[in-house]
Each structure stands twice: as structure tokens, then as C-alpha cells.
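A.B. asks: Below is one structure. I have some questions about it.
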Amino acid sequence: MDDLMIIELYFARDEQAIKETDVKYGKLCYNLANNILGNNEDSEECVNDTYLSVWNKIPPTRPNNFMAFICKIVRNLSMKKLDFNRALKHTQNITASFSELEEILSYTRTVPNCEYEELGKLISNFLRQEKEDARNVFIRRYYFFDSISDIASRYSFTESKVKNMLYRSRNKLREYLKKEGIEV
Amino acid sequence: MKTPKLAIAMGYIDDDLVSGAVEYKPSLVKLVWFRYVAAVACLCLVLLGAIKITISLFPKSNTNTPVYGVLGEVVAIKDDGRYDVRITGEDQNFAKGDIVTINYDYVSNESGNRALKTGDIIAITYSTYEKTGTTYQITPGQIDIVQTSSD
């Protein structure tokens, strides 16, 4: 079903909206959650919480990009759940992606006058300058937290090519942030 | 371990970038095309190598190569050790009086004396020759001295 039609179902408070969302984006949401949490139960819980959150947000929100809207929610919920699990020592899962991102901007460093949203804008600007291949590989790795092998098979690249692209993009992003005045 | 700031900030990138990464499909035609070209190029290289090795291992047989014989007189010895020879006998490739140049390295006779003198009459056995400007160059198979010069 078309995204606009699904949104209309939400506006009509029709529960079919959730079923259609699950049919269209259920797998995407689950994979994203599972990449972060590495746990089937928690991932399914996050996906269900996402549907509830979407149900509560629409209306009044009318997202222009429904896919990105739902991805953002499931990602945020999964990250929160990961923090929660870590606090309770339920998980020792530290994704490789996190370590790679830390190379660029360590969590211990402060980011003066630069909130996450602002940092997100800067990253967006940086990614727009990148080639399409490199940009999408970067997003698959650090937004969706896909494994190197998954990205390689998705885009028909070799794993070493993916690693190489990510390495270059990280270095370029570090330089870009430095130039924009972000302490790295 | 805390979540890196960048991992959180990545959640705020523009929507079109996120959906773009989900929907993006690299041009398979380009990839397949590139792989085929690479495979064909490798195959060509292997074939060329094989041909070259075969040629070097099994040089072309000379059994069908025509062999000519002609008489000539040494008229000059060049600084680089080659000889200018005037054709004195009948031959289908040269006319009487033509001057041909012969490489010294190919010259040999029964006595093992490789040196020729001006005025020597020699029998040249050859298979190939080439014309450079107005002069001919012969790659002789064998040279025999028929008559040495009177001096």
C-alpha cells in the first residue's frame, strides 16, 4: 500500500494502518532494532513500541517521508533500550559501529554549542558531498548499523571495498567536523 | 561504554538520506559489465601469453622456406664488420652487378676462417633478404669462399 494511503488510515484512526505499516516496514524496523540490540525479544518489543508511537504521533503529525519517520522512531527507541540494557548489565553488546564512530568523535569529548540535531545537520551536509555509493554505505553502517558483510552483499561490493569506503568516509568526516569547529 | 555522540547524531540526519540508503540499488549493469570486461581482459592476457610461449618453444619450421644460392665478389669491408658484395652470378632475386650487404657474423667456410678479403669470390646461400634504400641486405645461411683474392 502507498505511504500516503497508510497515513490516511492513521488519520482515520483505522487499526488497519498498523497492519499495513507492519507489512511494508516490519522487516526494515526489526532488522534496524536487531542490529542495535542483537536480541530477538527486545527487537520485537521495540518494533511494537514503534507502531504505538506512530499511532500516537499521527495525527496530528503528517510525515513527508513515512519510511524515514518510522526508521527514526525505531532507531531512537532501540538506542534507548540499549542504554537501558547496558545500565542493567543485561548486555555487553558493543557494536563495532560504535567503536568506529568513536574514532571520529569520542563520547568523552564535549560538543560545545552543538546539539545532536545541529551535528546531524552537519553530517547531512557532509554526506551530500560524498559520492552516492560511499554515502549510502556510510548510512547503512552508522544509521542502520548493518554489518560489513550485509552491506557488501546488499550493494554487490567486496567486504574490503566496504571497509575501505567507510575508512575514507570516517577520515573525511573527521576533517569536515574539524573544519566546522567541532572538537575532535 | 556510553553511546558515541555521533551514533546519536546520526539519528538526526535528513529524511531523504535515510530513505535514499534504503532504496538505493547500485547499477548492476555497470557491475556486470565491468566484471565481464575484466574476465575477458584476463582471458586475452592468458591467451597471448600462451601463444608467445608456444612460439618461443616451437619456432617456425624452415623446411618449407625457399633457399637461394648466388655467387658474388667482396668489394668492400665496412667499419662495422659487414661486407659489401657485388652479385656476379645468376639469381632470381638480384641482377648481376647489384651490391648487397652481408653480416659478418653469418660468414663461415669449411676451413673455419671467417675473415673475407676484398676480391674474394663467394657462394652465398640465403633464404631471406630485405631492401634498405638502394641497397640490399642478406641474412645468409652459409657462405663459402669459392676463390680467394689474388693478393
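Naming scheme: A, B, ... for chains in displayed order of the C-alpha cells; residues 1 onward per chain; ligands 1 onward as shown.
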What are the DSSP alpha helix (DSSP H) residues of region 5-182 of chain A, as a PyMOL selection string?
C.D. replies: chain A and resi 5-11+16-37+40-57+66-87+96-104+116-129+132-142+148-155+159-179
A.B. asks: Do me a favour and pick out the residues of chain A within 7 Å of chain B, using only C-alpha atoms, as JSON, numbers by chain.
C.D. replies: {"A": [65, 67, 68, 72, 98, 101, 102, 105, 106, 107, 116, 117, 119, 120, 121, 123, 124, 136, 139, 140, 142, 143, 155]}
A.B. asks: What's the 12 Å shell around Phe66 (chain A), counting only C-alpha atoms, without same-chain residues fewer than 2 positions away, as a VMD selection string?
C.D. replies: (chain A and resid 2 to 8 10 21 24 to 25 54 57 to 58 61 to 64 68 to 73) or (chain B and resid 15 to 16 18 to 19)
A.B. asks: Would you pick out the contacts of region 44-49 of chain A at 10 Å or less, using only C-alpha atoms, so that residues sharing its chain but fewer than 5 positions from it are not included, and give the list as a ChimeraX atom specification?
C.D. replies: /A:18,22,25-34,37,39,54-55,70-71,73-81
A.B. asks: Work out how far apart CA of Val162 (chain A) and CA of Ile148 (chain A) are and give it in Å to one decimal.
C.D. replies: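 Between CA of Val162 (chain A) and CA of Ile148 (chain A) the gap works out to 6.7 Å.
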A.B. asks: Name all residues at most 12 Å from region 79-85 of chain B (count only C-alpha atoms; drop same-chain ones fewer than 3 positions away) and give them as JSON, numbers by chain.
C.D. replies: {"B": [70, 71, 72, 73, 74, 75, 76, 88, 89, 94, 96, 97, 98, 99, 100, 101, 102, 103, 104, 105, 106, 107, 114, 115, 116, 117, 118, 119, 120, 121, 122, 123, 124, 135, 136, 137, 138, 139, 140, 143]}
A.B. asks: Give me, please, the distance in Å between CA of Phe126 (chain A) and CA of Ser99 (chain A), quoted to one decimal.
C.D. replies: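 Result for CA of Phe126 (chain A) versus CA of Ser99 (chain A): 20.3 Å, one decimal.
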A.B. asks: So which residues touch Arg168 (chain A) within 12 Å, counting only C-alpha atoms, skipping near sequence neighbours fewer than 2 positions away, as a ChimeraX atom specification?
C.D. replies: /A:100,104,130-131,134-135,137-138,161-166,170-175
A.B. asks: Check chain B with DSSP on the backbone and list each residue it calls strand (DSSP E), as a PyMOL selection string.
C.D. replies: chain B and resi 68-77+83-87+99-102+121-132+135-147
A.B. asks: Between CA of Arg86 (chain A) and CA of Glu115 (chain A), measure the distance and give it in Å to one decimal.
C.D. replies: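 Straight-line distance from CA of Arg86 (chain A) to CA of Glu115 (chain A) works out to 23.5 Å.
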A.B. asks: With only C-alpha atoms as the atoms that count, which of A:Leu82, A:Leu177, A:Leu88, A:Ala12 lies nearest to Asp42 (chain A)?
C.D. replies: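 For Asp42 (chain A), the nearest of the given residues is A:Leu82.
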